[in-house]
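Participant: Before I ask anything, here is the structure I am working with.
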Amino acid sequence: MNKKTISIIGVPTDYGQARRGVDMGPSAIRYAGVVERLEAIGHTVQDQGDIRVSQKREHAQIDMRLLNLEEVLDVNTSLANRVHEAVTEKQFPLVFGGDHSIAIGTLAGLGEHYKNLGVIWFDAHADLNTPDTTPSGNIHGMPLAVSIGIGHERLVQIRKYAPKIKPENVIIIGARSVDPGERELIHEQGIKVYTMHEIDRLGMTRVMEEVLSYLKGLPVDGLHLSLDLDGLDPLYTPGVGTPVPGGMTYREGHLAMEMLQESGMLTSAEFVEVNPILDEKNKTADVAVALMGSLFGETLV
(Lines give C-alpha, C1' and ligand atoms only; values in the text may rest on other atoms or scores of the structure.)
Protein backbone atom coordinates (compact mmCIF):
# COMPACT_ATOMS: atom_id res chain seq x y z
CA MET A 1 0.00 0.00 0.00
CA ASN A 2 1.29 3.43 -0.97
CA LYS A 3 1.36 5.84 1.93
CA LYS A 4 -0.36 9.11 1.14
CA THR A 5 -0.32 12.67 2.39
CA ILE A 6 -4.04 13.22 2.92
CA SER A 7 -5.40 16.76 3.00
CA ILE A 8 -8.71 16.85 4.89
CA ILE A 9 -11.04 19.68 3.89
CA GLY A 10 -14.31 20.13 5.78
CA VAL A 11 -17.29 21.86 4.17
CA PRO A 12 -19.92 22.62 6.84
CA THR A 13 -22.78 23.61 4.55
CA ASP A 14 -26.46 22.74 4.29
CA TYR A 15 -27.32 25.24 1.56
CA GLY A 16 -27.80 22.57 -1.12
CA GLN A 17 -30.86 21.05 0.53
CA ALA A 18 -33.70 21.76 2.95
CA ARG A 19 -32.95 19.76 6.12
CA ARG A 20 -30.80 21.52 8.69
CA GLY A 21 -27.95 19.74 10.49
CA VAL A 22 -25.85 18.36 7.66
CA ASP A 23 -23.51 21.34 8.10
CA MET A 24 -22.32 19.54 11.27
CA GLY A 25 -21.22 16.52 9.23
CA PRO A 26 -17.49 17.37 9.15
CA SER A 27 -17.43 17.74 12.95
CA ALA A 28 -19.23 14.41 13.40
CA ILE A 29 -16.75 12.65 11.13
CA ARG A 30 -13.79 14.12 13.00
CA TYR A 31 -15.41 13.18 16.32
CA ALA A 32 -15.66 9.59 15.04
CA GLY A 33 -11.85 9.48 14.94
CA VAL A 34 -11.03 9.76 11.27
CA VAL A 35 -7.62 11.43 11.68
CA GLU A 36 -6.40 8.88 14.21
CA ARG A 37 -7.67 6.00 12.09
CA LEU A 38 -5.95 7.14 8.92
CA GLU A 39 -2.72 7.87 10.77
CA ALA A 40 -2.82 4.39 12.34
CA ILE A 41 -2.86 2.91 8.83
CA GLY A 42 0.36 4.80 8.13
CA HIS A 43 -0.75 7.85 6.17
CA THR A 44 0.27 11.43 6.86
CA VAL A 45 -2.86 13.45 7.60
CA GLN A 46 -3.05 17.22 7.34
CA ASP A 47 -6.39 18.47 8.60
CA GLN A 48 -6.89 21.81 6.87
CA GLY A 49 -9.98 22.63 8.92
CA ASP A 50 -13.24 23.81 7.41
CA ILE A 51 -14.08 26.08 4.53
CA ARG A 52 -15.56 29.28 5.94
CA VAL A 53 -19.32 29.12 5.43
CA SER A 54 -21.66 31.94 6.44
CA GLN A 55 -24.38 30.67 8.75
CA LYS A 56 -26.74 33.38 7.55
CA ARG A 57 -28.78 33.18 4.38
CA GLU A 58 -28.03 36.65 3.08
CA HIS A 59 -29.55 36.56 -0.41
CA ALA A 60 -33.20 36.67 -1.42
CA GLN A 61 -34.59 33.74 -3.39
CA ILE A 62 -34.80 34.89 -7.00
CA ASP A 63 -35.29 31.51 -8.67
CA MET A 64 -37.13 28.79 -6.73
CA ARG A 65 -35.56 26.22 -9.03
CA LEU A 66 -32.13 27.08 -7.56
CA LEU A 67 -32.46 27.52 -3.82
CA ASN A 68 -29.61 29.35 -2.06
CA LEU A 69 -27.76 29.78 -5.35
CA GLU A 70 -25.46 32.57 -4.16
CA GLU A 71 -24.49 30.71 -0.98
CA VAL A 72 -23.85 27.49 -2.91
CA LEU A 73 -21.70 29.42 -5.38
CA ASP A 74 -19.64 31.01 -2.61
CA VAL A 75 -19.02 27.71 -0.82
CA ASN A 76 -18.10 25.79 -3.95
CA THR A 77 -15.80 28.47 -5.30
CA SER A 78 -13.85 28.43 -2.03
CA LEU A 79 -13.78 24.64 -2.00
CA ALA A 80 -12.62 24.44 -5.62
CA ASN A 81 -9.68 26.69 -4.82
CA ARG A 82 -8.71 24.63 -1.76
CA VAL A 83 -8.92 21.32 -3.65
CA HIS A 84 -6.89 22.78 -6.51
CA GLU A 85 -4.18 23.83 -4.03
CA ALA A 86 -4.09 20.38 -2.40
CA VAL A 87 -3.57 18.60 -5.72
CA THR A 88 -0.95 21.16 -6.77
CA GLU A 89 0.91 20.31 -3.58
CA LYS A 90 0.75 16.56 -4.42
CA GLN A 91 -1.69 15.79 -1.62
CA PHE A 92 -4.70 13.49 -1.67
CA PRO A 93 -7.83 15.65 -1.19
CA LEU A 94 -10.31 14.08 1.24
CA VAL A 95 -13.40 16.28 1.49
CA PHE A 96 -16.07 16.00 4.20
CA GLY A 97 -19.59 17.36 3.74
CA GLY A 98 -21.97 18.93 4.18
CA ASP A 99 -24.56 18.17 1.52
CA HIS A 100 -23.76 16.73 -1.88
CA SER A 101 -23.80 20.10 -3.64
CA ILE A 102 -20.17 20.39 -2.53
CA ALA A 103 -19.19 17.93 -5.25
CA ILE A 104 -19.51 20.87 -7.64
CA GLY A 105 -16.55 22.53 -5.95
CA THR A 106 -14.56 19.35 -5.44
CA LEU A 107 -14.73 18.42 -9.12
CA ALA A 108 -14.06 22.02 -10.19
CA GLY A 109 -10.84 21.92 -8.18
CA LEU A 110 -9.81 18.56 -9.60
CA GLY A 111 -10.68 18.90 -13.27
CA GLU A 112 -7.83 21.19 -14.25
CA HIS A 113 -5.32 18.56 -13.11
CA TYR A 114 -6.69 15.64 -15.15
CA LYS A 115 -7.50 15.35 -18.83
CA ASN A 116 -9.56 12.22 -18.28
CA LEU A 117 -10.76 12.11 -14.67
CA GLY A 118 -12.93 9.14 -13.76
CA VAL A 119 -15.70 9.51 -11.18
CA ILE A 120 -17.38 6.81 -9.12
CA TRP A 121 -20.62 8.16 -7.66
CA PHE A 122 -21.91 6.02 -4.77
CA ASP A 123 -25.42 7.30 -4.15
CA ALA A 124 -29.08 6.35 -3.90
CA HIS A 125 -29.71 9.26 -6.28
CA ALA A 126 -28.31 10.22 -9.67
CA ASP A 127 -27.85 13.93 -8.80
CA LEU A 128 -28.41 14.79 -12.46
CA ASN A 129 -31.25 17.25 -12.13
CA THR A 130 -31.16 20.69 -13.73
CA PRO A 131 -33.16 23.86 -13.06
CA ASP A 132 -35.62 22.59 -15.68
CA THR A 133 -36.10 19.13 -14.18
CA THR A 134 -35.65 19.58 -10.43
CA PRO A 135 -38.72 18.68 -8.35
CA SER A 136 -37.41 20.59 -5.31
CA GLY A 137 -34.99 23.36 -6.34
CA ASN A 138 -32.35 21.80 -4.06
CA ILE A 139 -28.91 22.05 -5.65
CA HIS A 140 -27.65 18.89 -3.90
CA GLY A 141 -29.65 17.07 -6.59
CA MET A 142 -27.67 18.76 -9.39
CA PRO A 143 -23.88 18.41 -8.84
CA LEU A 144 -23.25 15.66 -11.35
CA ALA A 145 -25.18 17.48 -14.08
CA VAL A 146 -23.29 20.70 -13.32
CA SER A 147 -19.96 18.89 -13.45
CA ILE A 148 -20.63 17.49 -16.94
CA GLY A 149 -21.48 21.02 -18.06
CA ILE A 150 -25.29 21.08 -17.80
CA GLY A 151 -27.07 23.53 -15.52
CA HIS A 152 -26.90 27.12 -14.34
CA GLU A 153 -24.06 28.90 -16.12
CA ARG A 154 -22.50 30.34 -12.97
CA LEU A 155 -22.33 26.91 -11.31
CA VAL A 156 -21.02 25.29 -14.48
CA GLN A 157 -18.32 27.96 -14.88
CA ILE A 158 -16.74 27.83 -11.40
CA ARG A 159 -12.99 28.34 -11.97
CA LYS A 160 -13.97 29.49 -15.48
CA TYR A 161 -13.91 26.24 -17.42
CA ALA A 162 -16.41 23.53 -18.32
CA PRO A 163 -17.11 20.70 -18.33
CA LYS A 164 -15.17 19.41 -15.35
CA ILE A 165 -15.62 15.75 -16.28
CA LYS A 166 -16.78 13.70 -19.26
CA PRO A 167 -20.11 11.87 -18.92
CA GLU A 168 -18.62 8.64 -20.25
CA ASN A 169 -16.11 8.73 -17.37
CA VAL A 170 -18.86 8.67 -14.73
CA ILE A 171 -20.21 5.53 -13.07
CA ILE A 172 -23.11 5.72 -10.62
CA ILE A 173 -23.34 2.82 -8.15
CA GLY A 174 -26.27 2.05 -5.86
CA ALA A 175 -28.97 4.18 -7.52
CA ARG A 176 -32.54 3.43 -6.50
CA SER A 177 -34.28 6.83 -6.69
CA VAL A 178 -33.98 8.49 -10.11
CA ASP A 179 -36.20 11.32 -11.35
CA PRO A 180 -37.65 11.26 -14.89
CA GLY A 181 -35.44 14.13 -16.11
CA GLU A 182 -32.37 12.41 -14.71
CA ARG A 183 -33.31 9.19 -16.49
CA GLU A 184 -33.44 11.05 -19.80
CA LEU A 185 -30.07 12.67 -19.19
CA ILE A 186 -28.49 9.32 -18.31
CA HIS A 187 -29.54 7.94 -21.69
CA GLU A 188 -28.69 11.09 -23.64
CA GLN A 189 -25.20 11.37 -22.13
CA GLY A 190 -24.37 7.66 -22.00
CA ILE A 191 -23.69 7.63 -18.27
CA LYS A 192 -23.02 4.19 -16.85
CA VAL A 193 -25.29 3.22 -13.92
CA TYR A 194 -25.35 0.19 -11.64
CA THR A 195 -28.67 0.32 -9.80
CA MET A 196 -29.44 -1.82 -6.77
CA HIS A 197 -30.97 -4.29 -9.23
CA GLU A 198 -27.56 -4.90 -10.79
CA ILE A 199 -25.89 -5.12 -7.38
CA ASP A 200 -28.48 -7.65 -6.19
CA ARG A 201 -28.24 -9.70 -9.38
CA LEU A 202 -24.50 -9.58 -10.04
CA GLY A 203 -23.08 -9.05 -6.55
CA MET A 204 -20.77 -6.25 -5.49
CA THR A 205 -17.59 -8.13 -6.47
CA ARG A 206 -18.59 -8.39 -10.11
CA VAL A 207 -19.95 -4.84 -10.20
CA MET A 208 -16.65 -3.43 -8.95
CA GLU A 209 -14.64 -5.66 -11.28
CA GLU A 210 -16.65 -4.34 -14.22
CA VAL A 211 -16.38 -0.74 -13.03
CA LEU A 212 -12.62 -0.86 -12.59
CA SER A 213 -12.09 -2.71 -15.85
CA TYR A 214 -14.18 -0.12 -17.70
CA LEU A 215 -12.25 2.80 -16.19
CA LYS A 216 -8.88 1.20 -16.92
CA GLY A 217 -9.98 0.67 -20.51
CA LEU A 218 -10.76 4.34 -21.16
CA PRO A 219 -8.12 4.89 -19.64
CA VAL A 220 -8.58 7.47 -16.89
CA ASP A 221 -5.64 9.47 -15.55
CA GLY A 222 -7.20 9.98 -12.10
CA LEU A 223 -10.15 8.63 -10.15
CA HIS A 224 -12.45 10.47 -7.75
CA LEU A 225 -14.87 8.81 -5.33
CA SER A 226 -17.96 10.78 -4.37
CA LEU A 227 -19.74 8.83 -1.64
CA ASP A 228 -23.13 9.87 -0.30
CA LEU A 229 -23.90 7.98 2.90
CA ASP A 230 -27.45 7.42 1.67
CA GLY A 231 -25.95 4.98 -0.82
CA LEU A 232 -26.03 2.47 2.02
CA ASP A 233 -29.29 1.21 3.43
CA PRO A 234 -30.75 3.47 6.17
CA LEU A 235 -30.43 0.51 8.53
CA TYR A 236 -26.69 1.28 8.63
CA THR A 237 -26.74 5.03 7.97
CA PRO A 238 -29.85 6.57 9.55
CA GLY A 239 -28.34 10.06 9.75
CA VAL A 240 -28.90 11.20 6.16
CA GLY A 241 -31.35 13.74 4.78
CA THR A 242 -32.86 11.70 1.96
CA PRO A 243 -32.87 8.04 3.04
CA VAL A 244 -34.11 5.43 0.57
CA PRO A 245 -34.78 1.84 1.73
CA GLY A 246 -33.15 -1.05 -0.07
CA GLY A 247 -29.58 0.20 -0.31
CA MET A 248 -26.18 -1.42 -0.07
CA THR A 249 -25.29 -3.40 3.02
CA TYR A 250 -22.48 -2.50 5.36
CA ARG A 251 -20.32 -5.30 3.99
CA GLU A 252 -21.05 -4.43 0.35
CA GLY A 253 -19.88 -0.90 1.08
CA HIS A 254 -16.67 -2.14 2.66
CA LEU A 255 -16.01 -4.58 -0.17
CA ALA A 256 -16.35 -1.79 -2.72
CA MET A 257 -13.91 0.39 -0.74
CA GLU A 258 -11.44 -2.48 -0.37
CA MET A 259 -11.50 -3.16 -4.11
CA LEU A 260 -11.00 0.51 -4.87
CA GLN A 261 -7.98 0.57 -2.57
CA GLU A 262 -6.54 -2.55 -4.17
CA SER A 263 -6.88 -1.00 -7.64
CA GLY A 264 -4.41 1.76 -6.75
CA MET A 265 -6.38 4.12 -9.02
CA LEU A 266 -7.97 6.47 -6.51
CA THR A 267 -6.63 10.04 -6.40
CA SER A 268 -9.31 11.92 -4.37
CA ALA A 269 -12.50 11.31 -2.40
CA GLU A 270 -15.39 13.00 -0.64
CA PHE A 271 -17.90 11.73 1.92
CA VAL A 272 -21.14 13.68 2.18
CA GLU A 273 -24.61 13.97 3.72
CA VAL A 274 -23.79 12.94 7.30
CA ASN A 275 -26.46 14.68 9.41
CA PRO A 276 -25.88 14.27 13.17
CA ILE A 277 -29.30 15.76 13.97
CA LEU A 278 -30.98 12.82 12.24
CA ASP A 279 -28.47 10.23 13.43
CA GLU A 280 -28.39 7.65 16.23
CA LYS A 281 -25.36 8.10 18.53
CA ASN A 282 -23.15 9.22 15.61
CA LYS A 283 -23.72 5.88 13.87
CA THR A 284 -23.59 7.32 10.34
CA ALA A 285 -20.32 9.16 10.96
CA ASP A 286 -18.87 5.97 12.47
CA VAL A 287 -19.81 4.09 9.30
CA ALA A 288 -18.26 6.81 7.16
CA VAL A 289 -14.98 6.57 9.06
CA ALA A 290 -15.01 2.77 8.90
CA LEU A 291 -15.48 2.95 5.12
CA MET A 292 -12.57 5.37 4.92
CA GLY A 293 -10.49 2.87 6.82
CA SER A 294 -11.14 0.25 4.14
CA LEU A 295 -10.64 2.78 1.36
CA PHE A 296 -7.19 3.73 2.66
CA GLY A 297 -5.90 0.23 3.28
CA GLU A 298 -6.99 -0.87 6.74
CA THR A 299 -6.79 -4.66 7.11
CA LEU A 300 -7.84 -7.17 9.74
CA VAL A 301 -4.64 -9.25 9.66
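In the C-alpha coordinates, chains take the letters A, B, ... in the order shown, each chain's residues start at 1, and ligands count up from 1 in the order shown.
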Give me, as number ranges by chain, the residues of region 14-72 of chain A that a backbone DSSP run labels strand (DSSP E or B).

Facilitator: A: 44-50

Participant: So which residues touch Ile41 (chain A) within 9 Å, counting only C-alpha atoms, skipping near sequence neighbours fewer than 3 positions away, as a ChimeraX atom specification?

Facilitator: /A:3,36-38,293,296-299

Participant: Using only C-alpha atoms, which residue out of A:Ser101, A:Ser7, A:Thr133, A:Asn68 lies closest to Glu89 (chain A)?

Facilitator: A:Ser7

Participant: Smallest atom-to-atom distance to Asn275 (chain A): which of A:Thr205, A:Thr13, A:Ser136, A:Gln91, using only C-alpha atoms?

Facilitator: A:Thr13

Participant: If we count only C-alpha atoms and set the cut-off at 7 Å, which residues sit around Ile148 (chain A), ignoring sequence neighbours fewer than 5 positions away in its own chain? Please answer as a tab-separated table (two decimals) with N, CA, C and O atoms, in the first residue's frame.

Facilitator:
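Below you can see selection.tsv, which holds the result:
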```
chain	number	residue	atom	x	y	z
A	163	PRO	N	-16.66	21.43	-19.52
A	163	PRO	CA	-17.11	20.70	-18.33
A	163	PRO	C	-15.93	20.28	-17.48
A	163	PRO	O	-14.79	20.29	-17.94
A	164	LYS	N	-16.22	19.88	-16.25
A	164	LYS	CA	-15.17	19.41	-15.35
A	164	LYS	C	-14.82	17.96	-15.63
A	164	LYS	O	-13.68	17.53	-15.44
A	165	ILE	N	-15.81	17.18	-16.02
A	165	ILE	CA	-15.62	15.75	-16.28
A	165	ILE	C	-16.43	15.36	-17.52
A	165	ILE	O	-17.36	16.06	-17.92
A	166	LYS	N	-16.06	14.23	-18.09
A	166	LYS	CA	-16.78	13.70	-19.26
A	166	LYS	C	-17.85	12.72	-18.79
A	166	LYS	O	-17.59	11.90	-17.90
A	167	PRO	N	-19.04	12.78	-19.37
A	167	PRO	CA	-20.11	11.87	-18.92
A	167	PRO	C	-19.76	10.39	-19.05
A	167	PRO	O	-20.16	9.58	-18.23
```

Participant: Could you check the closest approach to Gly42 (chain A) for each of A:Thr5, A:Ser54, A:Ser78, A:Asn169 and tell me which residue wins, using only C-alpha atoms?

Facilitator: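 So, comparing all the options, the nearest one is A:Thr5.
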